[in-house]
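One file, target-v2.cif, carrying mmCIF, C-alpha atoms:
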```cif
data_input
#
loop_
_atom_site.group_PDB
_atom_site.id
_atom_site.type_symbol
_atom_site.label_atom_id
_atom_site.label_comp_id
_atom_site.auth_asym_id
_atom_site.auth_seq_id
_atom_site.Cartn_x
_atom_site.Cartn_y
_atom_site.Cartn_z
ATOM 1 C CA MET U 1 182.185 88.843 35.191
ATOM 2 C CA SER U 2 178.880 87.972 36.827
ATOM 3 C CA VAL U 3 175.642 88.728 35.064
ATOM 4 C CA ILE U 4 172.714 89.548 37.308
ATOM 5 C CA LYS U 5 169.238 89.612 35.817
ATOM 6 C CA ALA U 6 165.794 90.048 37.256
ATOM 7 C CA PHE U 7 163.317 87.276 36.484
ATOM 8 C CA ASN U 8 159.634 86.473 36.649
ATOM 9 C CA GLY U 9 158.944 84.130 39.517
ATOM 10 C CA VAL U 10 156.227 81.509 39.684
ATOM 11 C CA VAL U 11 153.599 82.157 42.347
ATOM 12 C CA TYR U 12 150.299 80.709 43.479
ATOM 13 C CA ASN U 13 147.185 82.051 41.776
ATOM 14 C CA PRO U 14 144.911 83.269 44.619
ATOM 15 C CA ALA U 15 141.854 82.929 42.380
ATOM 16 C CA LYS U 16 142.523 79.170 42.110
ATOM 17 C CA VAL U 17 143.788 78.279 45.585
ATOM 18 C CA GLY U 18 141.535 80.432 47.747
ATOM 19 C CA ASP U 19 142.746 80.749 51.333
ATOM 20 C CA MET U 20 146.518 81.169 51.048
ATOM 21 C CA THR U 21 147.038 79.973 54.627
ATOM 22 C CA LYS U 22 145.982 76.484 53.504
ATOM 23 C CA ILE U 23 148.764 76.094 50.926
ATOM 24 C CA VAL U 24 151.878 76.933 52.929
ATOM 25 C CA CYS U 25 153.924 74.492 54.968
ATOM 26 C CA PRO U 26 157.062 74.535 57.100
ATOM 27 C CA PRO U 27 160.436 73.204 55.878
ATOM 28 C CA TYR U 28 160.424 69.472 55.114
ATOM 29 C CA ASP U 29 162.884 68.571 57.867
ATOM 30 C CA VAL U 30 160.543 69.651 60.672
ATOM 31 C CA ILE U 31 157.385 67.922 59.412
ATOM 32 C CA SER U 32 156.354 64.743 61.203
ATOM 33 C CA PRO U 33 154.360 62.093 59.308
ATOM 34 C CA GLU U 34 151.262 63.139 61.260
ATOM 35 C CA HIS U 35 151.727 66.808 60.361
ATOM 36 C CA GLU U 36 152.355 65.832 56.731
ATOM 37 C CA ASN U 37 148.937 64.144 56.604
ATOM 38 C CA ILE U 38 147.261 67.202 58.123
ATOM 39 C CA LEU U 39 148.890 69.494 55.558
ATOM 40 C CA LYS U 40 147.920 67.234 52.649
ATOM 41 C CA LYS U 41 144.285 67.276 53.766
ATOM 42 C CA ARG U 42 144.280 71.072 54.140
ATOM 43 C CA SER U 43 144.394 71.673 50.404
ATOM 44 C CA PRO U 44 145.118 69.728 47.224
ATOM 45 C CA TYR U 45 147.435 72.651 46.407
ATOM 46 C CA ASN U 46 149.440 72.688 49.646
ATOM 47 C CA TYR U 47 153.126 72.837 48.747
ATOM 48 C CA ILE U 48 153.644 69.612 50.724
ATOM 49 C CA HIS U 49 152.338 67.737 47.642
ATOM 50 C CA ILE U 50 155.476 68.843 45.787
ATOM 51 C CA MET U 51 157.992 69.120 48.600
ATOM 52 C CA LEU U 52 157.306 65.673 50.075
ATOM 53 C CA ALA U 53 155.886 63.943 47.008
ATOM 54 C CA LYS U 54 155.490 60.208 47.397
ATOM 55 C CA ALA U 55 155.928 57.738 44.578
ATOM 56 C CA ASP U 56 152.792 55.976 43.435
ATOM 57 C CA ALA U 57 151.990 53.246 40.925
ATOM 58 C CA ARG U 58 152.134 55.764 38.079
ATOM 59 C CA HIS U 59 155.590 56.999 39.046
ATOM 60 C CA GLY U 60 157.198 53.730 40.101
ATOM 61 C CA ASP U 61 159.431 53.224 43.102
ATOM 62 C CA ASP U 62 160.380 55.670 45.835
ATOM 63 C CA ASP U 63 163.305 57.103 43.849
ATOM 64 C CA SER U 64 160.871 58.567 41.344
ATOM 65 C CA ARG U 65 159.216 60.847 43.890
ATOM 66 C CA TYR U 66 161.028 63.669 42.108
ATOM 67 C CA ALA U 67 159.249 62.739 38.869
ATOM 68 C CA LYS U 68 155.935 62.894 40.710
ATOM 69 C CA ALA U 69 156.840 66.284 42.203
ATOM 70 C CA ALA U 70 157.733 67.555 38.716
ATOM 71 C CA ALA U 71 154.486 66.185 37.277
ATOM 72 C CA THR U 72 152.479 67.915 40.026
ATOM 73 C CA TYR U 73 154.323 71.198 39.429
ATOM 74 C CA GLN U 74 153.712 70.993 35.667
ATOM 75 C CA LYS U 75 150.020 70.162 36.189
ATOM 76 C CA TRP U 76 149.585 73.124 38.542
ATOM 77 C CA LEU U 77 151.185 75.388 35.916
ATOM 78 C CA LYS U 78 148.937 73.986 33.179
ATOM 79 C CA ASP U 79 145.819 74.322 35.348
ATOM 80 C CA GLY U 80 146.655 77.904 36.376
ATOM 81 C CA VAL U 81 147.203 77.030 40.044
ATOM 82 C CA LEU U 82 150.716 78.413 39.644
ATOM 83 C CA ILE U 83 151.251 81.435 37.425
ATOM 84 C CA LYS U 84 154.152 83.508 36.214
ATOM 85 C CA ASP U 85 154.505 86.665 38.282
ATOM 86 C CA GLU U 86 154.107 89.752 36.111
ATOM 87 C CA SER U 87 156.818 91.663 38.008
ATOM 88 C CA LEU U 88 160.499 91.146 37.474
ATOM 89 C CA ALA U 89 162.303 90.466 40.735
ATOM 90 C CA PHE U 90 165.610 89.707 42.382
ATOM 91 C CA ILE U 91 165.794 87.107 45.105
ATOM 92 C CA ILE U 92 168.542 87.724 47.616
ATOM 93 C CA LEU U 93 169.545 84.870 49.854
ATOM 94 C CA SER U 94 171.817 85.427 52.777
ATOM 95 C CA ARG U 95 173.562 82.800 54.836
ATOM 96 C CA ASN U 96 175.025 83.354 58.237
ATOM 97 C CA THR U 97 178.462 81.736 58.019
ATOM 98 C CA ARG U 98 179.348 82.208 61.660
#
```

Represent the structure from my file as structure tokens, please.
Amino acid sequence: MSVIKAFNGVVYNPAKVGDMTKIVCPPYDVISPEHENILKKRSPYNYIHIMLAKADARHGDDDSRYAKAAATYQKWLKDGVLIKDESLAFIILSRNTR
């Protein structure tokens, strides 16, 4: 039997990020390198910093970009950039299989 439970999502804290239009980005597979640079300059909290994290000297080679993304996510949580949503929610995803 399936168990379905509501959960508290993690959302941006508007008090920390300011203009919410500066932190959103399109799906990774449609972002050119030029557009990536524009998005990164828009805000230090633009989701591109997690979605297309690049390895740096602290995180080693390119395969550790996931470690850098995780470190950024954890830092944003610690700094209050991302916060736990107070409301319980269900997320319903639907795929068109045709």

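Shortest separation to U:Phe7 among U:Ile50, U:Leu93, U:Leu88, U:Val24 occurs at residue U:Leu88, atoms counted being only C-alpha atoms.
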
On this structure, the PyMOL selection byres ((chain U and resi 32-43) around 10) would catch which residues? List them as JSON, numbers by chain, sorted by chain and number. {"U": [17, 18, 19, 20, 21, 22, 23, 24, 25, 26, 28, 29, 30, 31, 44, 45, 46, 47, 48, 49, 52]}

For this file, the PyMOL selection byres ((chain U and resi 15) around 12) selects which residues, as number ranges by chain? U: 11-14, 16-20, 79-83

Any idea what the distance is between atom CA of U:Thr72 and atom CA of U:Asn8?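 It comes out at 20.2 Å.
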
Starting from 3 Å padding per side, set up an axis-aligned box that covers all listed atoms of stretch 75-91 of chain U and hand over centre and edge lengths in Å, one decimal, as JSON.
```
{"center_x": 155.8, "center_y": 80.9, "center_z": 39.1, "size_x": 26.0, "size_y": 27.5, "size_z": 17.9}
```

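The spacing separating atom CA of U:Tyr73 from atom CA of U:Ala53 amounts to 10.6 Å.
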
If the PyMOL selection byres ((chain U and resi 5) around 9) were run on this exact file, what residues would it hold? Put them as a PyMOL selection string. chain U and resi 3-4+6-7+89-90

What separation in Å, quoted to one decimal, exists between atom CA of U:Met51 and atom CA of U:Ser64?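 Here the two named atoms are 13.1 Å from each other.
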